[in-house]
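Source file coords-v8.cif; content: mmCIF, C-alpha atoms.
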data_run
#
loop_
_atom_site.group_PDB
_atom_site.id
_atom_site.type_symbol
_atom_site.label_atom_id
_atom_site.label_comp_id
_atom_site.auth_asym_id
_atom_site.auth_seq_id
_atom_site.Cartn_x
_atom_site.Cartn_y
_atom_site.Cartn_z
ATOM 1 C CA MET A 291 -40.081 -37.119 -3.227
ATOM 2 C CA ASN A 292 -39.138 -34.044 -5.285
ATOM 3 C CA LYS A 293 -40.027 -31.843 -2.312
ATOM 4 C CA LEU A 294 -37.765 -33.960 -0.075
ATOM 5 C CA PHE A 295 -34.831 -33.574 -2.491
ATOM 6 C CA LEU A 296 -35.497 -29.820 -2.629
ATOM 7 C CA ILE A 297 -35.402 -29.540 1.185
ATOM 8 C CA ILE A 298 -32.214 -31.634 1.389
ATOM 9 C CA GLY A 299 -30.628 -29.537 -1.366
ATOM 10 C CA MET A 300 -31.459 -26.264 0.368
ATOM 11 C CA ALA A 301 -30.129 -27.599 3.662
ATOM 12 C CA PHE A 302 -26.905 -28.662 1.950
ATOM 13 C CA LEU A 303 -26.464 -25.179 0.457
ATOM 14 C CA LEU A 304 -27.050 -23.538 3.832
ATOM 15 C CA ILE A 305 -24.529 -25.812 5.499
ATOM 16 C CA SER A 306 -21.976 -25.089 2.757
ATOM 17 C CA CYS A 307 -22.433 -21.327 3.110
ATOM 18 C CA GLU A 308 -22.160 -21.541 6.880
ATOM 19 C CA SER A 309 -19.036 -23.664 6.578
ATOM 20 C CA ARG A 310 -17.434 -21.176 4.190
ATOM 21 C CA GLU A 311 -18.297 -18.266 6.501
ATOM 22 C CA GLU A 312 -16.759 -20.080 9.449
ATOM 23 C CA LYS A 313 -13.608 -20.881 7.490
ATOM 24 C CA ILE A 314 -13.273 -17.264 6.387
ATOM 25 C CA GLN A 315 -13.737 -15.938 9.926
ATOM 26 C CA LYS A 316 -11.112 -18.360 11.206
ATOM 27 C CA ALA A 317 -8.709 -17.394 8.398
ATOM 28 C CA VAL A 318 -9.257 -13.651 8.965
ATOM 29 C CA SER A 319 -8.714 -13.934 12.702
ATOM 30 C CA GLN A 320 -5.528 -15.937 12.090
ATOM 31 C CA GLU A 321 -4.250 -13.220 9.760
ATOM 32 C CA LEU A 322 -5.006 -10.452 12.262
ATOM 33 C CA LYS A 323 -3.518 -12.319 15.207
ATOM 34 C CA GLY A 324 -0.018 -11.016 14.606
ATOM 35 C CA VAL A 325 -1.202 -7.560 13.528
ATOM 36 C CA LEU A 326 -3.559 -6.216 16.173
ATOM 37 C CA TYR A 327 -2.176 -4.711 19.383
ATOM 38 C CA ASP A 328 -4.835 -6.373 21.529
ATOM 39 C CA PHE A 329 -6.036 -9.422 19.616
ATOM 40 C CA GLU A 330 -8.120 -10.625 22.578
ATOM 41 C CA SER A 331 -10.398 -7.609 22.048
ATOM 42 C CA TYR A 332 -10.903 -8.449 18.345
ATOM 43 C CA GLU A 333 -14.548 -8.771 17.365
ATOM 44 C CA PRO A 334 -15.831 -9.073 13.766
ATOM 45 C CA VAL A 335 -18.660 -6.674 12.966
ATOM 46 C CA LYS A 336 -19.425 -7.076 9.277
ATOM 47 C CA THR A 337 -17.980 -9.474 6.713
ATOM 48 C CA GLN A 338 -18.556 -9.557 2.964
ATOM 49 C CA ILE A 339 -17.308 -12.473 0.850
ATOM 50 C CA ASP A 340 -17.035 -12.317 -2.938
ATOM 51 C CA SER A 341 -15.305 -14.377 -5.583
ATOM 52 C CA ALA A 342 -11.782 -13.148 -6.339
ATOM 53 C CA PHE A 343 -10.553 -13.029 -9.922
ATOM 54 C CA PHE A 344 -6.947 -12.299 -10.830
ATOM 55 C CA SER A 345 -6.200 -8.627 -11.483
ATOM 56 C CA PRO A 346 -3.436 -6.098 -10.759
ATOM 57 C CA TYR A 347 -5.478 -4.912 -7.758
ATOM 58 C CA ILE A 348 -4.917 -8.147 -5.808
ATOM 59 C CA ASP A 349 -1.566 -9.266 -7.204
ATOM 60 C CA PRO A 350 0.841 -9.823 -4.257
ATOM 61 C CA GLU A 351 3.722 -8.815 -6.544
ATOM 62 C CA ILE A 352 2.083 -5.432 -7.157
ATOM 63 C CA LYS A 353 1.646 -4.948 -3.405
ATOM 64 C CA SER A 354 5.297 -5.806 -2.813
ATOM 65 C CA LEU A 355 6.443 -3.380 -5.516
ATOM 66 C CA MET A 356 4.168 -0.711 -4.067
ATOM 67 C CA MET A 357 5.866 -1.132 -0.682
ATOM 68 C CA GLU A 358 9.242 -0.675 -2.418
ATOM 69 C CA PHE A 359 7.910 2.559 -3.889
ATOM 70 C CA ALA A 360 6.387 3.779 -0.618
ATOM 71 C CA LYS A 361 9.559 3.530 1.484
ATOM 72 C CA PRO A 362 11.716 6.010 -0.491
ATOM 73 C CA ALA A 363 8.640 8.207 -0.984
ATOM 74 C CA GLN A 364 8.392 8.548 2.818
ATOM 75 C CA GLU A 365 12.138 9.229 3.091
ATOM 76 C CA LEU A 366 11.774 11.949 0.468
ATOM 77 C CA GLU A 367 9.649 14.126 2.764
ATOM 78 C CA ALA A 368 12.387 14.285 5.430
ATOM 79 C CA ALA A 369 15.126 14.855 2.835
ATOM 80 C CA LYS A 370 13.251 17.755 1.212
ATOM 81 C CA ARG A 371 12.612 19.282 4.624
ATOM 82 C CA ASP A 372 16.361 19.111 5.398
ATOM 83 C CA TYR A 373 17.145 20.606 1.996
ATOM 84 C CA ASN A 374 14.754 23.549 2.436
ATOM 85 C CA ASN A 375 15.948 24.185 5.999
ATOM 86 C CA ALA A 376 19.522 24.286 4.740
ATOM 87 C CA LEU A 377 18.577 26.792 2.030
ATOM 88 C CA SER A 378 16.943 29.003 4.678
ATOM 89 C CA SER A 379 20.062 28.827 6.841
ATOM 90 C CA ILE A 380 22.302 29.738 3.913
ATOM 91 C CA ALA A 381 20.170 32.812 3.245
ATOM 92 C CA LEU A 382 20.108 33.689 6.946
ATOM 93 C CA TRP A 383 23.896 33.624 7.331
ATOM 94 C CA ASP A 384 24.664 35.247 3.962
ATOM 95 C CA MET A 385 26.053 38.537 5.333
ATOM 96 C CA PRO A 386 28.381 40.830 3.346
ATOM 97 C CA TYR A 387 30.403 41.686 6.454
ATOM 98 C CA GLY A 388 29.650 38.671 8.575
ATOM 99 C CA SER A 389 31.704 37.435 11.499
ATOM 100 C CA ALA A 390 33.792 34.283 11.536
ATOM 101 C CA TYR A 391 30.857 32.616 13.314
ATOM 102 C CA SER A 392 28.338 33.546 10.605
ATOM 103 C CA ARG A 393 30.715 32.368 7.886
ATOM 104 C CA GLN A 394 31.116 29.034 9.671
ATOM 105 C CA GLN A 395 27.343 28.696 10.063
ATOM 106 C CA ARG A 396 26.863 29.380 6.358
ATOM 107 C CA LYS A 397 29.549 26.839 5.472
ATOM 108 C CA GLU A 398 27.815 24.179 7.588
ATOM 109 C CA ALA A 399 24.452 25.031 6.013
ATOM 110 C CA ILE A 400 25.941 24.619 2.517
ATOM 111 C CA SER A 401 27.300 21.215 3.541
ATOM 112 C CA GLU A 402 23.857 20.196 4.893
ATOM 113 C CA ARG A 403 22.234 21.383 1.661
ATOM 114 C CA ASP A 404 24.615 19.279 -0.441
ATOM 115 C CA ILE A 405 24.053 16.187 1.724
ATOM 116 C CA ALA A 406 20.266 16.602 1.445
ATOM 117 C CA LYS A 407 20.531 17.223 -2.305
ATOM 118 C CA ASN A 408 22.522 14.018 -2.824
ATOM 119 C CA LYS A 409 19.978 12.102 -0.756
ATOM 120 C CA ILE A 410 17.084 13.479 -2.820
ATOM 121 C CA GLU A 411 18.861 12.546 -6.045
ATOM 122 C CA ASN A 412 19.432 8.998 -4.759
ATOM 123 C CA ILE A 413 15.785 8.735 -3.702
ATOM 124 C CA GLN A 414 14.765 9.980 -7.147
ATOM 125 C CA MET A 415 16.720 7.127 -8.758
ATOM 126 C CA GLN A 416 15.053 4.611 -6.424
ATOM 127 C CA LEU A 417 11.590 6.006 -7.181
ATOM 128 C CA LYS A 418 12.195 5.943 -10.928
ATOM 129 C CA SER A 419 13.253 2.310 -10.762
ATOM 130 C CA ALA A 420 10.361 1.329 -8.469
ATOM 131 C CA ILE A 421 7.668 3.013 -10.549
ATOM 132 C CA LYS A 422 9.069 1.508 -13.785
ATOM 133 C CA ASN A 423 8.816 -1.952 -12.211
ATOM 134 C CA LEU A 424 5.279 -1.189 -11.040
ATOM 135 C CA TYR A 425 4.233 0.039 -14.464
ATOM 136 C CA ALA A 426 5.667 -3.077 -16.139
ATOM 137 C CA GLN A 427 3.958 -5.468 -13.690
ATOM 138 C CA VAL A 428 0.587 -3.707 -13.934
ATOM 139 C CA HIS A 429 0.592 -3.947 -17.721
ATOM 140 C CA LYS A 430 1.836 -7.539 -17.574
ATOM 141 C CA ASP A 431 -1.105 -8.415 -15.302
ATOM 142 C CA LYS A 432 -3.537 -6.788 -17.747
ATOM 143 C CA THR A 433 -2.636 -9.412 -20.355
ATOM 144 C CA LYS A 434 -3.360 -12.375 -18.046
ATOM 145 C CA ASP A 435 -6.633 -14.278 -17.902
ATOM 146 C CA ASN A 436 -9.187 -13.053 -15.396
ATOM 147 C CA GLU A 437 -9.263 -16.460 -13.644
ATOM 148 C CA PHE A 438 -10.918 -17.363 -10.366
ATOM 149 C CA VAL A 439 -8.215 -17.409 -7.665
ATOM 150 C CA GLY A 440 -10.188 -17.568 -4.414
ATOM 151 C CA TRP A 441 -12.175 -15.268 -2.163
ATOM 152 C CA PHE A 442 -12.158 -11.492 -1.748
ATOM 153 C CA VAL A 443 -13.138 -10.557 1.794
ATOM 154 C CA THR A 444 -13.873 -7.147 3.293
ATOM 155 C CA GLN A 445 -14.212 -7.047 7.037
ATOM 156 C CA ARG A 446 -15.048 -4.383 9.593
ATOM 157 C CA TYR A 447 -14.039 -5.283 13.123
ATOM 158 C CA LYS A 448 -13.696 -3.842 16.614
ATOM 159 C CA CYS A 449 -10.546 -3.953 18.706
ATOM 160 C CA LYS A 450 -8.730 -1.964 21.375
ATOM 161 C CA THR A 451 -5.801 0.358 20.724
ATOM 162 C CA GLY A 452 -2.546 0.484 22.674
ATOM 163 C CA GLY A 453 -4.204 2.881 25.092
ATOM 164 C CA GLY A 454 -7.076 0.487 25.683
ATOM 165 C CA TYR A 455 -9.574 2.574 23.707
ATOM 166 C CA PRO A 456 -12.118 0.871 21.425
ATOM 167 C CA ALA A 457 -11.545 1.354 17.694
ATOM 168 C CA PHE A 458 -12.770 0.016 14.365
ATOM 169 C CA GLY A 459 -10.719 -1.495 11.576
ATOM 170 C CA ASP A 460 -11.634 -2.037 7.937
ATOM 171 C CA ASP A 461 -9.452 -4.465 5.985
ATOM 172 C CA VAL A 462 -9.487 -6.382 2.726
ATOM 173 C CA PHE A 463 -8.210 -9.945 2.335
ATOM 174 C CA VAL A 464 -7.799 -12.386 -0.511
ATOM 175 C CA PHE A 465 -7.749 -16.081 0.381
ATOM 176 C CA ASN A 466 -6.963 -18.984 -1.916
ATOM 177 C CA LYS A 467 -9.703 -21.300 -3.161
ATOM 178 C CA ASP A 468 -9.739 -23.607 -0.142
ATOM 179 C CA MET A 469 -9.275 -20.697 2.306
ATOM 180 C CA THR A 470 -6.034 -22.085 3.741
ATOM 181 C CA GLU A 471 -3.786 -19.172 2.776
ATOM 182 C CA CYS A 472 -4.107 -15.390 2.740
ATOM 183 C CA THR A 473 -2.461 -14.148 -0.439
ATOM 184 C CA PHE A 474 -3.295 -10.453 0.020
ATOM 185 C CA HIS A 475 -4.129 -8.225 3.004
ATOM 186 C CA MET A 476 -4.324 -4.449 3.341
ATOM 187 C CA GLU A 477 -6.213 -1.854 5.312
ATOM 188 C CA ILE A 478 -9.083 -0.695 3.130
ATOM 189 C CA GLU A 479 -7.835 2.906 2.996
ATOM 190 C CA GLU A 480 -4.422 1.738 1.767
ATOM 191 C CA TYR A 481 -6.098 -0.634 -0.687
ATOM 192 C CA GLU A 482 -8.184 2.163 -2.182
ATOM 193 C CA GLY A 483 -4.998 4.209 -2.592
ATOM 194 C CA LEU A 484 -3.327 1.246 -4.299
ATOM 195 C CA CYS A 485 -6.267 0.799 -6.697
ATOM 196 C CA ASN A 486 -6.266 4.502 -7.539
ATOM 197 C CA PHE A 487 -2.521 4.423 -8.234
ATOM 198 C CA ILE A 488 -2.919 1.348 -10.468
ATOM 199 C CA ASP A 489 -5.727 3.078 -12.394
ATOM 200 C CA GLN A 490 -3.431 6.048 -13.014
ATOM 201 C CA LEU A 491 -0.632 3.799 -14.262
ATOM 202 C CA MET A 492 -2.977 1.918 -16.600
ATOM 203 C CA ALA A 493 -4.283 5.186 -18.056
ATOM 204 C CA VAL A 494 -0.855 6.436 -19.186
ATOM 205 C CA PRO A 495 0.494 5.233 -22.575
ATOM 206 C CA GLU A 496 4.001 3.769 -22.389
ATOM 207 C CA ASP A 497 5.729 6.473 -24.462
ATOM 208 C CA GLU A 498 4.158 9.224 -22.344
ATOM 209 C CA PHE A 499 5.037 7.351 -19.150
ATOM 210 C CA MET A 500 8.728 7.128 -20.124
ATOM 211 C CA ILE A 501 8.839 10.863 -20.898
ATOM 212 C CA ARG A 502 7.330 11.677 -17.503
ATOM 213 C CA ILE A 503 9.854 9.439 -15.733
ATOM 214 C CA GLU A 504 12.830 10.920 -17.552
ATOM 215 C CA ASN A 505 11.630 14.462 -16.750
ATOM 216 C CA MET A 506 11.088 13.724 -13.052
ATOM 217 C CA ASN A 507 12.944 16.286 -10.918
ATOM 218 C CA LEU A 508 12.192 16.166 -7.211
ATOM 219 C CA LEU A 509 14.330 19.229 -6.493
ATOM 220 C CA GLY A 510 12.092 21.353 -8.695
ATOM 221 C CA GLN A 511 15.045 22.919 -10.464
#
Reformat the file's structure so that it appears as structure tokens.
Amino acid sequence: MNKLFLIIGMAFLLISCESREEKIQKAVSQELKGVLYDFESYEPVKTQIDSAFFSPYIDPEIKSLMMEFAKPAQELEAAKRDYNNALSSIALWDMPYGSAYSRQQRKEAISERDIAKNKIENIQMQLKSAIKNLYAQVHKDKTKDNEFVGWFVTQRYKCKTGGGYPAFGDDVFVFNKDMTECTFHMEIEEYEGLCNFIDQLMAVPEDEFMIRIENMNLLGQ
């Protein structure tokens, strides 16, 4: 009789695990449906499922704040390029006995420099605000209980690109306890960058962090 109960128990566990795996695969494919260029070519390769416990690394609010930080950071690259190009043009047209044309070119370059400078200063204000909000949320999350919130899933999959070429994707997902909702999803490379950034924020004491923020100067002047 004990052996019968043992066999039934093992069978029940196997069925439960299989059911969870199937639910996760269905949930992952549903999440990727609106993301992949050619969803029909999607094919899971390797899936790992672990328990997910609340932390800054999987907080949707942190991800949202990180996106707010990333947008002006991307705009900064173009603004600094415009600024440096304008400086080069000013130097190029700075002639002691220049023509009316060269003087006009220099005037336009100065205007472009000032426009780019104002844009960089505005981006700097946005970045300061965004990183302060990130820092506050990360340290707020540190004080919360490390409670079980669902399932942390890493998945490698195959799919086709826009050109029809085969490619691999590696993503991370967090699903709620009953696997009915995806609360967090990122490409694994982006997720590792997020985790690294969070680690850096957690390592800086608040007084030192505020000094660094106040001394931030993206123009390097």
Test item: residues at most 8 Å from Ile400 of chain A, only C-alpha atoms, excluding those fewer than 5 positions along its chain, as a PDB file with C-alpha atoms, in the frame of the given file:
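Now in around.pdb:
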ATOM      1  CA  ALA A 376      19.522  24.286   4.740  1.00  0.00           C
ATOM      2  CA  LEU A 377      18.577  26.792   2.030  1.00  0.00           C
ATOM      3  CA  ILE A 380      22.302  29.738   3.913  1.00  0.00           C
TER       4      ILE A 380
END
I'd like a table as CSV: residues in segment 480-503 of chain A with an atom no more than 10 Å from segment 335-350 of chain A, each row giving the shortest atom pair and its distance in Å to one decimal, only C-alpha atoms counted, sorted by chain and rising residue number.
residue,atom,partner,partner_atom,distance
A:Tyr481,CA,A:Tyr347,CA,8.3
A:Glu482,CA,A:Tyr347,CA,9.4
A:Leu484,CA,A:Tyr347,CA,7.4
A:Cys485,CA,A:Tyr347,CA,5.9
A:Asn486,CA,A:Tyr347,CA,9.4
A:Phe487,CA,A:Tyr347,CA,9.8
A:Ile488,CA,A:Tyr347,CA,7.3
A:Asp489,CA,A:Tyr347,CA,9.2
A:Met492,CA,A:Pro346,CA,9.9
- Which value, in Å to one decimal, gives the distance between atom CA of Glu402 of chain A and atom CA of Ala360 of chain A?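 So the two atoms, atom CA of Glu402 of chain A and atom CA of Ala360 of chain A, lie 24.6 Å apart.
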- Report the distance between atom CA of Lys353 of chain A and atom CA of Gly440 of chain A in Å, rounded to one decimal place. 17.3 Å
- Message: Which residues are near Met500 of chain A? Cut-off 12 Å, all atoms listed in the file, ignore same chain within fewer than 3 positions. Put them as a PyMOL selection string.
- Response: chain A and resi 418-419+421-422+425-426+491+494-497+503-506
